[in-house]
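Below: query01.tsv (TSV, C-alpha atoms)
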chain	number	residue	atom	x	y	z
J	153	MET	CA	-61.97	5.07	18.06
J	154	GLY	CA	-62.89	1.75	19.62
J	155	VAL	CA	-65.10	1.03	16.59
J	156	ASN	CA	-64.45	-1.68	14.01
J	157	TYR	CA	-66.21	-0.62	10.81
J	158	ILE	CA	-64.86	-3.43	8.57
J	159	THR	CA	-66.91	-6.46	9.63
J	160	PHE	CA	-67.25	-8.53	6.46
J	161	ALA	CA	-65.46	-11.45	8.11
J	162	THR	CA	-68.28	-11.81	10.64
J	163	HIS	CA	-71.29	-10.23	8.88
J	164	GLY	CA	-70.65	-11.14	5.22
J	165	GLU	CA	-72.91	-9.26	2.83
J	166	ARG	CA	-74.76	-7.79	5.83
J	167	ALA	CA	-71.63	-5.82	6.81
J	168	TYR	CA	-73.17	-2.89	4.98
J	169	GLY	CA	-76.79	-1.84	4.86
J	170	ILE	CA	-79.26	1.01	5.04
J	171	GLY	CA	-80.21	3.01	8.12
J	172	TYR	CA	-81.58	6.25	9.52
J	173	ILE	CA	-79.40	8.76	11.36
J	174	LYS	CA	-80.79	9.58	14.80
J	175	PHE	CA	-79.12	12.24	16.94
J	176	ASN	CA	-79.05	11.75	20.69
J	177	SER	CA	-80.53	15.20	21.27
J	178	ARG	CA	-81.27	18.52	19.62
J	179	ARG	CA	-78.17	19.79	21.33
J	180	ALA	CA	-76.10	17.16	19.47
J	181	SER	CA	-77.55	18.07	16.05
J	182	ASP	CA	-77.05	21.78	16.78
J	183	PHE	CA	-73.43	21.11	17.74
J	184	PHE	CA	-72.86	19.47	14.34
J	185	GLN	CA	-74.49	22.46	12.59
J	186	VAL	CA	-77.47	20.60	11.17
J	187	PRO	CA	-80.27	23.14	10.49
J	188	PRO	CA	-83.29	22.59	12.80
J	189	GLY	CA	-85.61	21.98	9.82
J	190	LYS	CA	-83.44	19.03	8.70
J	191	ILE	CA	-84.33	17.16	11.90
J	192	THR	CA	-87.68	15.48	12.56
J	193	GLY	CA	-89.48	15.59	15.88
J	194	SER	CA	-87.82	12.27	16.74
J	195	ILE	CA	-84.37	13.81	15.92
J	196	LEU	CA	-83.86	11.88	12.66
J	197	LEU	CA	-82.01	13.46	9.73
J	198	SER	CA	-84.67	14.36	7.16
J	199	GLY	CA	-85.17	15.86	3.71
J	200	TYR	CA	-87.60	17.87	1.61
J	201	THR	CA	-90.68	15.78	0.56
J	202	TYR	CA	-89.13	12.51	1.82
J	203	GLY	CA	-89.16	13.02	5.59
J	204	LYS	CA	-86.62	10.82	7.39
J	205	LEU	CA	-83.77	9.85	5.09
J	206	SER	CA	-82.14	6.43	4.74
J	207	TYR	CA	-78.39	6.25	4.16
J	208	PRO	CA	-75.78	3.60	3.29
J	209	ILE	CA	-74.15	2.58	6.59
J	210	ALA	CA	-71.69	0.06	8.02
J	211	ARG	CA	-72.63	-2.49	10.69
J	212	THR	CA	-69.91	-1.88	13.25
J	213	GLU	CA	-68.51	-3.64	16.30
J	214	PHE	CA	-67.12	-2.16	19.50
J	215	LEU	CA	-63.48	-2.98	20.13
J	216	GLU	CA	-63.46	-1.36	23.55
J	217	SER	CA	-65.75	0.56	25.87
J	218	ILE	CA	-67.02	3.88	24.49
J	219	HIS	CA	-68.54	6.42	26.81
J	220	GLN	CA	-72.11	7.31	25.90
J	221	GLU	CA	-71.22	11.01	25.81
J	222	ASP	CA	-68.82	10.26	22.91
J	223	ILE	CA	-71.72	9.06	20.72
J	224	PHE	CA	-73.61	12.02	19.22
J	225	ALA	CA	-75.81	10.02	16.84
J	226	GLU	CA	-76.74	6.43	16.08
J	227	VAL	CA	-77.71	4.47	12.99
J	228	ILE	CA	-81.05	2.68	13.26
J	229	THR	CA	-81.77	-0.02	10.66
J	230	ALA	CA	-85.15	-1.27	9.52
J	231	GLU	CA	-84.62	-4.24	11.87
J	232	GLU	CA	-84.14	-1.79	14.78
J	233	ASP	CA	-80.45	-2.63	15.09
J	234	LYS	CA	-78.38	0.27	16.39
J	235	TYR	CA	-74.81	1.24	15.55
J	236	PRO	CA	-72.70	4.36	16.21
J	237	ALA	CA	-73.27	7.03	13.54
J	238	ILE	CA	-71.15	9.91	14.88
J	239	VAL	CA	-68.45	9.36	17.50
J	240	LEU	CA	-66.28	12.24	18.76
J	241	LYS	CA	-63.76	11.53	21.50
J	242	ARG	CA	-60.53	12.70	23.01
J	243	TYR	CA	-57.37	10.87	21.96
J	244	GLY	CA	-54.19	11.89	23.76
J	245	ARG	CA	-54.02	15.64	23.47
J	246	GLY	CA	-56.25	15.71	20.41
J	247	ASN	CA	-59.64	14.60	19.15
J	248	ILE	CA	-60.83	11.99	16.68
J	249	LEU	CA	-64.09	11.80	14.74
J	250	TYR	CA	-65.86	8.79	13.20
J	251	VAL	CA	-68.87	9.26	10.92
J	252	ASN	CA	-70.77	6.17	9.75
J	253	LEU	CA	-71.69	7.65	6.34
J	254	PRO	CA	-69.97	7.71	2.92
J	255	LEU	CA	-69.52	11.49	3.06
J	256	GLY	CA	-67.66	11.90	-0.24
J	257	TYR	CA	-70.12	9.70	-2.12
J	258	LEU	CA	-73.08	11.69	-0.78
J	259	LYS	CA	-71.48	14.99	-1.81
J	260	ALA	CA	-70.82	13.55	-5.28
J	261	TYR	CA	-74.54	12.72	-5.64
J	262	SER	CA	-76.10	16.03	-4.53
J	263	ASP	CA	-76.23	15.61	-0.73
J	264	ASP	CA	-73.65	18.15	0.40
J	265	LEU	CA	-74.79	18.72	3.98
J	266	PRO	CA	-73.30	15.75	5.88
J	267	LEU	CA	-69.78	16.33	4.54
J	268	ARG	CA	-69.98	20.09	4.99
J	269	ALA	CA	-71.57	20.14	8.45
J	270	PHE	CA	-69.58	17.33	10.07
J	271	MET	CA	-66.18	18.31	8.69
J	272	ARG	CA	-66.63	22.02	9.41
J	273	THR	CA	-67.67	21.16	12.97
J	274	PHE	CA	-64.65	18.96	13.53
J	275	LEU	CA	-62.08	21.23	11.85
J	276	PHE	CA	-63.28	24.59	13.09
J	277	ARG	CA	-65.33	24.01	16.24
J	278	VAL	CA	-63.36	21.09	17.72
J	279	ALA	CA	-59.83	21.33	16.30
J	280	LYS	CA	-60.14	25.14	16.05
J	281	ILE	CA	-58.17	25.38	12.81
J	282	PRO	CA	-57.94	29.04	11.68
J	283	HIS	CA	-59.94	29.71	8.54
J	284	LEU	CA	-61.49	32.44	6.43
J	285	VAL	CA	-65.26	32.90	6.63
J	286	ASN	CA	-66.73	32.71	3.13
J	287	THR	CA	-69.44	35.34	3.61
J	288	ASN	CA	-69.34	39.04	2.86
J	289	GLN	CA	-67.96	40.94	5.89
J	290	GLY	CA	-68.29	37.73	7.89
J	291	LYS	CA	-72.07	38.09	8.08
J	292	GLY	CA	-74.54	35.34	7.25
J	293	GLY	CA	-77.49	35.86	4.97
J	294	LEU	CA	-80.90	34.42	4.15
J	295	VAL	CA	-82.56	34.56	0.73
J	296	ILE	CA	-86.36	34.90	0.93
J	297	ASN	CA	-87.53	33.35	-2.32
J	298	TRP	CA	-91.15	33.75	-3.47
J	299	HIS	CA	-92.54	31.47	-6.22
J	300	ILE	CA	-95.35	32.97	-8.35
J	301	ASP	CA	-97.06	30.15	-10.25
J	302	SER	CA	-100.40	31.25	-11.72
J	303	ASN	CA	-103.05	33.96	-12.01
J	304	ALA	CA	-104.36	33.01	-8.56
J	305	GLU	CA	-101.65	35.43	-7.39
J	306	TRP	CA	-103.19	38.45	-9.15
J	307	ALA	CA	-105.50	39.12	-6.20
J	308	GLU	CA	-102.94	38.11	-3.59
J	309	ILE	CA	-100.20	40.57	-4.52
J	310	PRO	CA	-102.11	43.77	-3.60
J	311	ALA	CA	-103.20	42.05	-0.37
J	312	ALA	CA	-99.60	41.06	0.41
J	313	ILE	CA	-98.49	44.67	-0.06
J	314	LYS	CA	-101.37	46.07	1.99
J	315	ASN	CA	-100.74	43.65	4.87
J	316	SER	CA	-96.93	44.13	4.75
J	317	VAL	CA	-96.27	40.50	3.80
J	318	LEU	CA	-94.13	42.23	1.18
J	319	ASN	CA	-91.96	44.63	3.16
J	320	HIS	CA	-90.05	47.56	1.66
J	321	ASN	CA	-87.31	47.05	4.26
J	322	LEU	CA	-86.47	43.63	2.84
J	323	HIS	CA	-85.13	42.73	-0.61
J	324	TYR	CA	-86.84	39.59	-1.89
J	325	SER	CA	-86.04	37.09	-4.62
J	326	ILE	CA	-89.27	36.83	-6.66
J	327	HIS	CA	-89.49	34.09	-9.30
J	328	ILE	CA	-92.38	34.14	-11.77
J	329	THR	CA	-93.77	31.58	-14.23
J	330	ALA	CA	-94.72	33.96	-17.02
J	331	GLY	CA	-96.95	31.96	-19.37
J	332	ASP	CA	-100.69	32.24	-20.00
J	333	PHE	CA	-101.47	28.61	-19.10
J	334	ARG	CA	-100.54	26.47	-16.10
J	335	ASP	CA	-101.55	22.78	-16.43
J	336	GLU	CA	-102.23	22.42	-20.13
J	337	LYS	CA	-102.21	24.68	-23.15
J	338	GLY	CA	-105.24	26.94	-23.35
J	339	ASP	CA	-106.43	26.54	-19.75
J	340	GLY	CA	-105.99	30.28	-19.07
J	341	LEU	CA	-104.65	29.64	-15.56
J	342	GLY	CA	-101.15	31.07	-16.07
J	343	PHE	CA	-99.81	34.30	-14.59
J	344	ASP	CA	-99.69	35.77	-18.12
J	345	ALA	CA	-96.86	38.14	-17.25
J	346	CYS	CA	-96.69	39.76	-20.68
J	347	GLY	CA	-100.48	40.03	-20.96
J	348	LYS	CA	-103.12	40.44	-18.25
J	349	GLY	CA	-100.56	39.92	-15.50
J	350	LYS	CA	-98.12	42.65	-16.58
J	351	ASP	CA	-99.33	45.18	-14.01
J	352	SER	CA	-99.00	42.52	-11.32
J	353	VAL	CA	-95.34	41.98	-12.25
J	354	ARG	CA	-94.77	45.74	-11.97
J	355	LEU	CA	-96.17	45.69	-8.44
J	356	PHE	CA	-93.31	43.38	-7.46
J	357	LEU	CA	-90.52	45.54	-8.87
J	358	PRO	CA	-89.96	47.79	-5.80
J	359	PHE	CA	-89.67	44.76	-3.49
J	360	GLY	CA	-86.70	42.87	-4.88
J	361	THR	CA	-85.13	41.03	-7.78
J	362	ILE	CA	-87.24	39.21	-10.35
J	363	GLY	CA	-86.15	35.72	-11.41
J	364	SER	CA	-87.47	33.03	-13.73
J	365	HIS	CA	-89.61	30.21	-12.32
J	366	GLY	CA	-89.23	27.45	-14.87
J	367	GLY	CA	-90.40	27.38	-18.45
J	368	TRP	CA	-93.58	29.29	-19.28
J	369	ALA	CA	-96.25	27.04	-17.72
J	370	HIS	CA	-95.74	25.89	-14.13
J	371	ASN	CA	-97.31	22.43	-13.85
J	372	TRP	CA	-97.17	21.68	-17.58
J	373	PHE	CA	-93.41	22.32	-17.62
J	374	SER	CA	-92.63	20.24	-14.51
J	375	ASN	CA	-94.96	17.38	-15.51
J	376	ASN	CA	-93.45	17.06	-18.97
J	377	LEU	CA	-89.93	17.24	-17.61
J	378	GLU	CA	-90.73	14.51	-15.11
J	379	LYS	CA	-92.19	12.28	-17.83
J	380	GLY	CA	-89.20	12.84	-20.11
J	381	ASN	CA	-91.29	14.64	-22.74
J	382	LEU	CA	-89.06	17.73	-22.92
J	383	PRO	CA	-85.65	17.10	-24.50
J	384	ALA	CA	-82.78	19.47	-23.70
J	385	ASN	CA	-83.51	21.80	-26.63
J	386	ASP	CA	-87.17	22.25	-25.63
J	387	LEU	CA	-86.28	22.68	-21.95
J	388	GLU	CA	-83.93	25.52	-22.92
J	389	LEU	CA	-86.45	27.02	-25.34
J	390	TYR	CA	-89.21	27.34	-22.72
J	391	ILE	CA	-86.89	28.65	-19.99
J	392	ASN	CA	-85.64	31.27	-22.44
J	393	LYS	CA	-89.21	32.17	-23.42
J	394	ASN	CA	-90.06	32.73	-19.75
J	395	LYS	CA	-86.87	34.73	-19.17
J	396	THR	CA	-87.32	36.94	-22.26
J	397	CYS	CA	-90.89	37.87	-21.36
J	398	LEU	CA	-89.95	38.96	-17.85
J	399	GLU	CA	-86.86	40.88	-19.02
J	400	SER	CA	-89.10	42.94	-21.30
J	401	ILE	CA	-90.85	44.18	-18.12
J	402	THR	CA	-87.96	44.43	-15.65
J	403	GLY	CA	-85.51	46.11	-18.03
J	404	TYR	CA	-82.63	44.06	-16.63
J	405	PRO	CA	-81.28	40.56	-17.37
J	406	LEU	CA	-82.69	37.75	-15.24
J	407	LEU	CA	-79.92	35.88	-13.39
J	408	GLU	CA	-81.94	33.77	-10.91
J	409	TYR	CA	-83.90	30.58	-11.61
J	410	SER	CA	-86.10	28.10	-9.72
J	411	ALA	CA	-87.62	24.87	-10.98
J	412	PRO	CA	-91.43	24.41	-10.75
J	413	ASN	CA	-92.29	21.63	-8.29
J	414	ALA	CA	-88.50	21.26	-7.81
J	415	VAL	CA	-88.15	19.23	-11.04
J	416	HIS	CA	-84.60	20.08	-12.06
J	417	PRO	CA	-82.93	17.22	-13.99
J	418	GLN	CA	-79.18	17.36	-13.52
J	419	PRO	CA	-76.96	18.18	-15.26
J	420	THR	CA	-79.15	19.10	-18.26
J	421	ALA	CA	-81.17	21.87	-16.60
J	422	THR	CA	-78.14	23.57	-15.10
J	423	GLU	CA	-76.25	23.39	-18.38
J	424	SER	CA	-79.17	25.19	-20.01
J	425	LEU	CA	-79.09	27.84	-17.31
J	426	ALA	CA	-75.39	28.44	-17.99
J	427	THR	CA	-76.08	28.80	-21.73
J	428	LEU	CA	-78.85	31.34	-21.04
J	429	GLY	CA	-76.72	33.48	-18.72
J	430	PHE	CA	-78.17	32.58	-15.33
J	431	THR	CA	-75.79	32.72	-12.38
J	432	CYS	CA	-77.76	30.94	-9.63
J	433	TYR	CA	-80.69	28.64	-8.99
J	434	TYR	CA	-82.95	27.40	-6.17
J	435	TYR	CA	-82.19	23.74	-5.54
J	436	THR	CA	-83.75	20.97	-3.47
J	437	GLY	CA	-80.60	18.87	-3.68
J	438	ASP	CA	-77.91	19.56	-1.05
J	439	SER	CA	-80.80	20.81	1.11
J	440	GLY	CA	-79.80	22.62	4.28
J	441	SER	CA	-76.36	23.57	2.92
J	442	GLY	CA	-75.06	26.96	1.92
J	443	PRO	CA	-74.70	28.08	-1.70
J	444	ASN	CA	-72.32	25.77	-3.55
J	445	ARG	CA	-71.10	24.37	-6.83
J	446	THR	CA	-73.15	21.23	-6.64
J	447	PHE	CA	-72.02	17.77	-7.75
J	448	PHE	CA	-74.10	15.11	-9.47
J	449	ALA	CA	-73.08	11.62	-10.62
J	450	GLY	CA	-69.61	12.28	-9.25
J	451	LYS	CA	-68.93	15.46	-11.25
J	452	MET	CA	-69.27	19.18	-10.64
J	453	VAL	CA	-72.36	20.31	-12.55
J	454	SER	CA	-71.18	23.87	-13.25
J	455	ALA	CA	-68.31	26.04	-12.11
J	456	HIS	CA	-70.29	29.20	-12.94
J	457	VAL	CA	-73.95	28.64	-11.99
J	458	ILE	CA	-74.24	28.44	-8.21
J	459	ALA	CA	-76.83	26.24	-6.48
J	460	PHE	CA	-78.73	27.83	-3.58
J	461	PRO	CA	-80.04	24.82	-1.62
J	462	MET	CA	-83.35	25.52	0.06
J	463	LEU	CA	-83.83	25.32	3.80
J	464	SER	CA	-86.52	22.76	4.60
J	465	LEU	CA	-88.86	22.33	7.54
J	466	GLU	CA	-88.93	18.52	7.51
J	467	ARG	CA	-90.96	17.69	4.38
J	468	SER	CA	-91.79	21.32	3.52
J	469	ALA	CA	-89.78	23.91	1.58
J	470	SER	CA	-90.46	26.51	4.21
J	471	LEU	CA	-89.29	28.14	7.41
J	472	LEU	CA	-92.76	27.87	8.95
J	473	LYS	CA	-95.79	25.69	8.33

If you convert what's in this file into structure tokens, what do you get?
Amino acid sequence: MGVNYITFATHGERAYGIGYIKFNSRRASDFFQVPPGKITGSILLSGYTYGKLSYPIARTEFLESIHQEDIFAEVITAEEDKYPAIVLKRYGRGNILYVNLPLGYLKAYSDDLPLRAFMRTFLFRVAKIPHLVNTNQGKGGLVINWHIDSNAEWAEIPAAIKNSVLNHNLHYSIHITAGDFRDEKGDGLGFDACGKGKDSVRLFLPFGTIGSHGGWAHNWFSNNLEKGNLPANDLELYINKNKTCLESITGYPLLEYSAPNAVHPQPTATESLATLGFTCYYYTGDSGSGPNRTFFAGKMVSAHVIAFPMLSLERSASLLK
């Protein structure tokens, strides 16, 4: 490769550090199959809510001249030092790839995209190894996932139907927080799916599949999870309460789940989903990747409940601001 990535003899404890991944161009990030929304305006690898992401990197040294066109991305440290991040070059009649990231470690701690994107690019786009495409009939898909949080949506649903925001030609994934409160018990701000909001739930039925958005009260549920006030048994109890209410309206079992405000403690939350019969969930980990059996703390979280990582637009969980 012409890159020495083991430099402890010269750098000591500074041989490894933290840096941002900056692609040389949008063309380079596209080539390595990084979704456009995972790249900032300055072509840095980014994530939902955090913006540009910092990664563990190695401080490298050049052993020989490397052509600039072989370097697709660089590491930039806080001190503005620059090192090769992704190097792809010809070697004899083949190709070699160097990535300045701990790809396996990242995958094992819920950041699947670098391993998936860079290895798929090298194996299939560069080395052209024959492979099966893991999508139905070889066609890609996009899940449009709506989150319904509170009774503010009661007035918006008829407007969305009237203005064709909800389109009969598309099949949506519609996740509802069903409880009668939102921030604290008794505030009356919830969607109240089994009470005053029941007719609003029925309006959604022709447009897609209903799923469960957390545990009964949107902000109350996420806030208490974040503060550690909901042990595993209570977490499961409130998710089941939400699920049961909505199933009484839909007439079919709810299989989809999304966490309010993206608060989804692993592996506890996913284990509860498996117990309650869910098969898939919206996930802000592994963002930008395809559906997968996610890993956390070095272990597969579930072999049966599939994570659907969301596609971000820099800091936003959206296709369009």

Taking only residues of region 357-396 of chain J that have an atom at most 12 Å from an atom of region 312-316 of chain J, what is each one's shortest atom pair and its distance in Å to one decimal, using only C-alpha atoms, in chain and number order, as a Markdown table?
| residue | atom | partner | partner_atom | distance |
| --- | --- | --- | --- | --- |
| J:Leu357 | CA | J:Ile313 | CA | 11.9 |
| J:Pro358 | CA | J:Ile313 | CA | 10.7 |
| J:Phe359 | CA | J:Ile313 | CA | 9.5 |

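Across the structure, CA of Ile309 (chain J) and CA of Met462 (chain J) are spaced 23.1 Å apart.
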
Discussion item. Quick one: residues within 9 Å of Val353 (chain J), all atoms listed in the file, excluding same-chain residues fewer than 6 positions away - as number ranges by chain?
Written reply: J: 328, 345-346, 362, 398, 401-402

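Among the candidate residues J:Phe175, J:Arg166, J:Phe343, J:Leu322, the one lying nearest to Thr192 (chain J) is J:Phe175, with distances computed using all atoms listed in the file.
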
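The spacing separating CA of Phe274 (chain J) from CA of Ile223 (chain J) amounts to 14.1 Å.
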
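Note that CA of Gly338 (chain J) and CA of Leu377 (chain J) are 19.0 Å apart.
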
Discussion item. I'd like the neighbourhood of Trp372 (chain J) as an MDAnalysis selection string, where a residue qualifies if any of its atoms comes within 10 Å (using all atoms listed in the file), though same-chain residues fewer than 2 positions away should be ignored.
Written reply: chainID J and resid 333:337 367:370 374:378 412

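Across J:Ser464, J:Thr446, J:Asn176, J:Asn319, the tightest approach to Leu258 (chain J) is made by J:Thr446 when counting only C-alpha atoms.
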
Worksheet, complete the sentence: Between J:Asn371, J:Ser302, J:Asn385, J:Ser364, smallest distance to Phe430 (chain J) by only C-alpha atoms belongs to J:Ser364

Fill in: Pick from J:Ala469, J:Leu253, J:Val186, J:Ile248, whichever lies nearest to Tyr172 (chain J) using all atoms listed in the file
J:Leu253

Worksheet entry | Local residues around (-98.9, 44.4, -9.3), at most 10 Å away, using only C-alpha atoms, as JSON, numbers by chain | {"J": [305, 306, 307, 308, 309, 310, 313, 349, 350, 351, 352, 353, 354, 355, 356, 357]}

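If you measure from each of J:Gly331, J:Gly340, J:Gly360, J:Pro419 to Thr396 (chain J) using all atoms listed in the file, the closest one turns out to be J:Gly331.
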
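Proximity of J:Ile173, J:Val239, J:Val227, J:Ile209 to Met153 (chain J), computed with all atoms listed in the file, is greatest for J:Val239.
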